Structures are given as structure tokens and as C-alpha cells.
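S.K.: Before we start, here is the structure in question, set down as C-alpha cells.
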Amino acid sequence: MAGMPTEEAQPVRTGPRGPDDKPDIDLGDFGLFDPSVQQCPHAYYAKMREEAPVFEAALPGAPLYLITRYDDVVEVVRDPDTFSSEFDTSGHVNSELAQRLIDLYRSEGGYPQVRTLLTADPPAHTRFRRLISKAFTPKVIADLEPTIREVAVGLIDEMLARTVGGAPLDFVQSFAVPLPVTVIARALNVPDDRLADFKRWSDASIAGIGTDISIEQRVEAEREVIEYQKYFASQLEARRLAPQDDLLTNLLNARIDRESDGIGDDDVSDAPLTMAEMLSIIQQLLVAGNETTTKMLTEMMRLLGENPAEWQALRGDTERARSIVEESLRLSTPTQGMFRVARRDVTIAGADIPAGSRVVVMYAAANRDPAVFDDPESFCPERDGATNHLAFGRGIHFCVGAALSRLEGKVVLEELARRLSSFELAASNIFEYHPSFMLRGLERLDVCLTAA
């Protein structure tokens, strides 16, 4: 049981995560949308790193190249001139779906989907990055710490009240979902009575990312996105008339000053954000601000449950929280990978990639590369170079919400360590992951808690 007296914390390899769990892996059996692969992809990634570091995965329309070694992933993400971020996040090319979505947005009065942070290249990306940095500042993030702590304490108290007698509860729905949803909603000044809508819109935004859902399901998800657009468009228009001290007002007021911002390139526009651009940025903040953090918090709890010595060490010294967050991010890597498009013929790790090809930089595979991380399958928070992981990406597209996610993880660990004497993973767990090769996280995690 986590929290029981243990010897000094040692790195422990836990769960069905590594290449040794499936020693006879055949890459011919690999399928991006294969449910069995999605449940435990790491053995396949290890095989790819060893034998096919640029792995050609078959998909309708055109092949997809998976880049799995750490150094190769870094090479790709640091070369936006060769590898464009102007991609389709679904991984599918479907003309029927494209036309259905055009018709939907026209009939429902949705705002056009525009490329901003995640799917833009310089110089357009440079403009968006500078403007969001003026709205989502380090001070804005730091000022959220009291909110994070308040929400964490309240949710822990609710869990303890519901687990009387040691009955298990689902950590995902009880804590890992509501905490980041509430925090990013507060940052966007969304009232608590709209949190259910907020989560629904977030789910709709990622419904088609890395999943094999039907055209009808994708269209219905986009209908929810249009509902999101209309809500936040009205909120932004209200801020024009009555500015508030919040992130929405900051986005409206964000401006580029060429001299103070050090932008001399005339190709970088200094125009303020349009409504469609603001809605795109808010949507990305909405997803990055809760979906990935939910998955990280859940996996962090699983790792501590499987490594009781680390939990005990944390209870004795909450300064260890930061390193536990980093190691949890490395092993969980909620955003398993990200798309790129090759602008020209290029060779990576001896493999030729034709111009126009779709590429996925597999952060999850890179984060377990033994050439970079000793004993990479083990949970070892005190390892050297713990922050070298790629869970937040690297280069110009490094996640803008990284600081917030790290802060949430640190505060959560501090409060859990203070308010729980022990916890254990319930026998009812089956450790099933959401069916997505892009956004990976447990569907539920049953835990039994004991108050301090």
C-alpha cells in the first residue's frame, strides 16, 4: 500500500509499459488505430527505435512516417523550414468529411477554422506566439496558484468524504478531470455553472485527434465546437465594452510593438488578433489546459501507487514534487506525438521521406530512448536530466501551457501528501486507455484513500 513504511526509494519498472513485456513484437502487426496497440504502444515504439526509427505506417490516402528516436525527433521539431506544422490533426484525408464540415459551419454560423499556434508556421506563428505571450504571462500563471490549491483541497476533501470505509473511487472523474477544467475555466473567467459545457466543448475539440471515429461522429463533435465558438465570441464582445482583469481581455488588448518585441521582419504582421484567431487560441488553451493535465495527473497517481517508496519519500519531503511531476510527464507523455508535413525531400536516420509526406514526431517513443534516459522504463524521479523530456515538445512550438501544467502537478502532489496518509490502487483496476494514438490517458483509475 502506498504510504506504508518502506526502504529508501528505488527506481521501479512498473506496469505493462516496456519492450520486455512483449518480447516477440512484430512491427507488421502495428496499426495506429488498433485498440490493442493503443493500450500498450511502448513495446512497438522500442522495436521501432531499434529496427525502423523512421517507421512507415499505412493509412488511407498516404503513408505516415513515425519518428521515434530522441535525437531525430529534436532534429525535426527544430527545423520548421523543412517540416511544416500546417497539418490536419485527425490523421485522415477525407473529401466527404471536408465538405460536410464546410456545410455545417456555413449553416450553423460557425467561425472559420484558422491556423494559429499549433498548426501555423513562421512568420504567422511568430505573430501568434508573441501575442499569446502578452496575454498568458508568467504572472497570470503564477496568480493561479491559490486557485489551484483551493480547488485541489476541496476535491481531496470531497474524495475523502466519499471513501468512508475504504471504498474505492475513480480518481479520474473525482479529481483529475475537475481540477484542470476548473483552473483553466477560472483563467478564462468561465462561471462554475458552465463547467459541464466547458468540459463537453473540450471533449468535442479532441474527438477526432488520433482516433478512428465515423464521419457522423466528427460532424457532431464540430457542432459542439461551434457552440463553444458562439459562447466565447459573445464573451469577447462583452469584454470590448466592459474590459475585465482576465485572459480574454488580455487577448483582445494584445499588441505587437516591433521595437520592444525585437521584431524587425516585415513578414511578421503586427495586426491584433481577429475573432476567429482568438477563438482558435482559446480552443487550444482549453484543450492543452485540461485534457493533457488530466492524463498526466492520472498517470502520476498510478505511478506513485505502483511505487510506494516514492510516495513515502514525497510525504517526508514535498520538495520532491517537482521531480515527480517531470518523471511522470516523461513516462506518461499525454500528447504521444505531433504531426508535421515535409516541405521537401529529406533523409532522417537513413530513411528517405518524400516532399509532401506526413510525419509524426513520437514524443512518447523519444521519452523512453535508452540513448538519452538510463533505464528508461523505470519510474525514477531523481534521475539526471529529468527535465530533458519532450512531453511539451521542443522548439518554436513548445507548449504555451507547460508552466501551468507543471504548477498544477506540483500543487496537487503537495496537497495530496499533506492530506493523505496512504492510498492504494484498487483491485478493480483494468488500466484501460482511451482509444487514441495521439492523446493517451487512462479512462479511469480506482483508488482507496486514507486521510492523514
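Chain lettering (A, B, ...) mirrors the order of the C-alpha cells, residue numbering begins at 1 for each chain separately, and ligand numbering begins at 1 in order of display.
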Report as a JSON list (two decimals) with N, CA and C atoms, in the first residue's frame all protein, DNA and RNA residues lying within 9 Å of Met301 of chain A, evaluated on only C-alpha atoms, omitting residues in the same chain fewer than 5 positions from it.

M.R.:
[["chain", "number", "residue", "atom", "x", "y", "z"],
["A", 171, "PHE", "N", -10.40, 8.10, -9.50],
["A", 171, "PHE", "CA", -9.59, 9.32, -9.39],
["A", 171, "PHE", "C", -9.77, 10.23, -10.60],
["A", 296, "MET", "N", -1.96, 13.46, -17.32],
["A", 296, "MET", "CA", -0.72, 13.45, -16.56],
["A", 296, "MET", "C", -0.98, 13.19, -15.08],
["A", 306, "GLU", "N", 2.08, 2.48, -7.69],
["A", 306, "GLU", "CA", 2.91, 1.33, -8.03],
["A", 306, "GLU", "C", 4.32, 1.44, -7.45],
["A", 328, "SER", "N", 6.85, 11.89, -14.22],
["A", 328, "SER", "CA", 5.50, 11.45, -14.63],
["A", 328, "SER", "C", 5.20, 11.94, -16.04],
["A", 425, "LEU", "N", -3.95, 1.46, -5.09],
["A", 425, "LEU", "CA", -4.69, 1.23, -6.31],
["A", 425, "LEU", "C", -5.63, 0.05, -6.08],
["A", 445, "LEU", "N", -9.23, 5.39, -12.95],
["A", 445, "LEU", "CA", -8.23, 4.86, -12.03],
["A", 445, "LEU", "C", -8.87, 4.77, -10.65],
["A", 447, "VAL", "N", -9.00, 4.18, -6.81],
["A", 447, "VAL", "CA", -8.07, 4.31, -5.68],
["A", 447, "VAL", "C", -8.83, 4.22, -4.37]]

S.K.: Identify which of the residues A:Leu442, A:Leu155, A:Cys40, A:Val54 lies closest to Asp352 of chain A, counting only C-alpha atoms when measuring atom-to-atom distances.

M.R.: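 Of A:Leu442, A:Leu155, A:Cys40, A:Val54, the one nearest Asp352 of chain A, counting only C-alpha atoms, is A:Val54.
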
S.K.: One decimal, in Å: what's the spacing between atom CA of Leu169 of chain A and atom CA of Asp446 of chain A?

M.R.: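 Going from atom CA of Leu169 of chain A over to atom CA of Asp446 of chain A covers 5.2 Å.
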
S.K.: Excluding Leu32 of chain A and any residue of its chain fewer than 5 positions from it, enumerate the residues within 10 Å of it, using only C-alpha atoms, and give them as a ChimeraX atom specification.

M.R.: /A:37-38,41,57-59,64,91,210-212,435-438

S.K.: Taking all heavy atoms for each residue, export the selection above as a CSV table (one decimal), in the first residue's frame.

M.R.:
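Writing the result to selection32.csv gives the following:
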chain,number,residue,atom,x,y,z
A,37,VAL,N,-2.9,-2.1,-29.8
A,37,VAL,CA,-1.7,-1.3,-29.8
A,37,VAL,C,-1.8,-0.1,-29.0
A,37,VAL,O,-0.9,0.3,-28.3
A,37,VAL,CB,-1.4,-1.0,-31.3
A,37,VAL,CG1,-0.2,0.0,-31.4
A,37,VAL,CG2,-1.0,-2.2,-32.1
A,38,GLN,N,-3.0,0.6,-29.1
A,38,GLN,CA,-3.2,1.8,-28.3
A,38,GLN,C,-3.1,1.6,-26.8
A,38,GLN,O,-2.7,2.5,-26.1
A,38,GLN,CB,-4.5,2.4,-28.7
A,38,GLN,CG,-4.5,2.9,-30.2
A,38,GLN,CD,-5.9,3.3,-30.6
A,38,GLN,OE1,-6.9,3.0,-30.0
A,38,GLN,NE2,-6.0,4.0,-31.8
A,41,PRO,N,1.5,0.8,-26.4
A,41,PRO,CA,2.3,1.0,-27.6
A,41,PRO,C,3.8,1.0,-27.4
A,41,PRO,O,4.5,1.0,-28.4
A,41,PRO,CB,1.8,2.4,-28.1
A,41,PRO,CG,1.5,3.1,-26.8
A,41,PRO,CD,1.0,2.1,-25.9
A,57,ALA,N,4.0,3.9,-41.5
A,57,ALA,CA,2.7,3.3,-41.1
A,57,ALA,C,1.7,3.5,-42.2
A,57,ALA,O,1.6,4.6,-42.8
A,57,ALA,CB,2.2,4.0,-39.8
A,58,ALA,N,0.9,2.5,-42.5
A,58,ALA,CA,-0.1,2.6,-43.6
A,58,ALA,C,-1.3,3.3,-43.1
A,58,ALA,O,-1.9,3.0,-42.1
A,58,ALA,CB,-0.4,1.2,-44.1
A,59,LEU,N,-1.8,4.3,-43.9
A,59,LEU,CA,-3.1,4.9,-43.7
A,59,LEU,C,-3.7,5.2,-45.0
A,59,LEU,O,-3.1,5.3,-46.0
A,59,LEU,CB,-2.8,6.3,-42.9
A,59,LEU,CG,-2.7,6.3,-41.4
A,59,LEU,CD1,-2.6,7.7,-40.9
A,59,LEU,CD2,-4.0,5.6,-40.8
A,64,LEU,N,2.3,7.4,-43.4
A,64,LEU,CA,2.6,8.3,-42.3
A,64,LEU,C,3.9,7.8,-41.7
A,64,LEU,O,4.0,6.6,-41.4
A,64,LEU,CB,1.5,8.2,-41.2
A,64,LEU,CG,1.4,9.3,-40.2
A,64,LEU,CD1,1.1,10.6,-40.8
A,64,LEU,CD2,0.3,8.9,-39.2
A,91,GLY,N,-5.4,13.0,-38.9
A,91,GLY,CA,-4.7,11.9,-39.5
A,91,GLY,C,-5.4,11.3,-40.7
A,91,GLY,O,-4.9,10.4,-41.3
A,210,GLY,N,-6.3,11.6,-33.5
A,210,GLY,CA,-5.7,10.3,-33.3
A,210,GLY,C,-6.7,9.2,-33.1
A,210,GLY,O,-6.3,8.1,-32.5
A,211,THR,N,-7.9,9.3,-33.5
A,211,THR,CA,-8.9,8.3,-33.3
A,211,THR,C,-9.6,7.9,-34.6
A,211,THR,O,-9.5,8.7,-35.6
A,211,THR,CB,-10.0,8.8,-32.3
A,211,THR,OG1,-10.7,9.9,-32.9
A,211,THR,CG2,-9.5,9.1,-30.9
A,212,ASP,N,-10.2,6.8,-34.6
A,212,ASP,CA,-10.8,6.3,-35.8
A,212,ASP,C,-12.4,6.3,-35.7
A,212,ASP,O,-13.0,5.3,-35.7
A,212,ASP,CB,-10.4,4.9,-36.1
A,212,ASP,CG,-10.8,4.4,-37.5
A,212,ASP,OD1,-11.0,5.3,-38.4
A,212,ASP,OD2,-10.8,3.2,-37.8
A,435,PRO,N,-8.9,5.2,-26.6
A,435,PRO,CA,-8.5,4.7,-27.9
A,435,PRO,C,-8.0,5.8,-28.8
A,435,PRO,O,-8.7,6.2,-29.8
A,435,PRO,CB,-9.8,4.1,-28.4
A,435,PRO,CG,-10.9,4.9,-27.8
A,435,PRO,CD,-10.4,5.3,-26.4
A,436,SER,N,-6.8,6.3,-28.5
A,436,SER,CA,-6.2,7.4,-29.4
A,436,SER,C,-4.7,7.2,-29.4
A,436,SER,O,-4.1,6.9,-28.4
A,436,SER,CB,-6.6,8.8,-28.8
A,436,SER,OG,-5.8,9.8,-29.5
A,437,PHE,N,-4.1,7.3,-30.6
A,437,PHE,CA,-2.7,7.2,-30.6
A,437,PHE,C,-2.0,8.5,-30.4
A,437,PHE,O,-0.8,8.6,-30.3
A,437,PHE,CB,-2.2,6.6,-32.0
A,437,PHE,CG,-2.2,7.6,-33.1
A,437,PHE,CD1,-1.1,8.3,-33.4
A,437,PHE,CD2,-3.3,7.7,-34.0
A,437,PHE,CE1,-1.1,9.2,-34.5
A,437,PHE,CE2,-3.3,8.6,-35.0
A,437,PHE,CZ,-2.2,9.4,-35.3
A,438,MET,N,-2.8,9.6,-30.3
A,438,MET,CA,-2.2,10.9,-30.1
A,438,MET,C,-2.3,11.4,-28.6
A,438,MET,O,-1.4,11.9,-28.0
A,438,MET,CB,-2.9,12.0,-31.0
A,438,MET,CG,-2.7,11.8,-32.4
A,438,MET,SD,-0.9,12.1,-32.9
A,438,MET,CE,-0.9,13.9,-32.8

S.K.: Measuring between only C-alpha atoms, which one of A:Gln312, A:Gln217, A:Asn290, A:Ser107 shows the shortest distance to Arg186 of chain A?

M.R.: A:Asn290

S.K.: Excluding same-chain residues fewer than 5 positions from Glu96 of chain A, what lies within 12 Å of it counting only C-alpha atoms, as a PyMOL selection string?

M.R.: chain A and resi 101-103+214-216+218-219

S.K.: Would you mind reading off the distance between atom CA of Val76 of chain A and atom CA of Val361 of chain A, one decimal, in Å?

M.R.: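 So the two atoms, atom CA of Val76 of chain A and atom CA of Val361 of chain A, lie 7.5 Å apart.
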
S.K.: For Thr82 of chain A, which of A:Glu51, A:Asp345, A:Asp203, A:Glu220 is the closest residue, counting only C-alpha atoms?

M.R.: A:Asp345

S.K.: Measuring atom to atom with only C-alpha atoms, identify which of A:His389, A:Arg302, A:His125, A:Arg368 is nearest to Ser323 of chain A.

M.R.: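 Smallest distance to Ser323 of chain A is found for A:His389.
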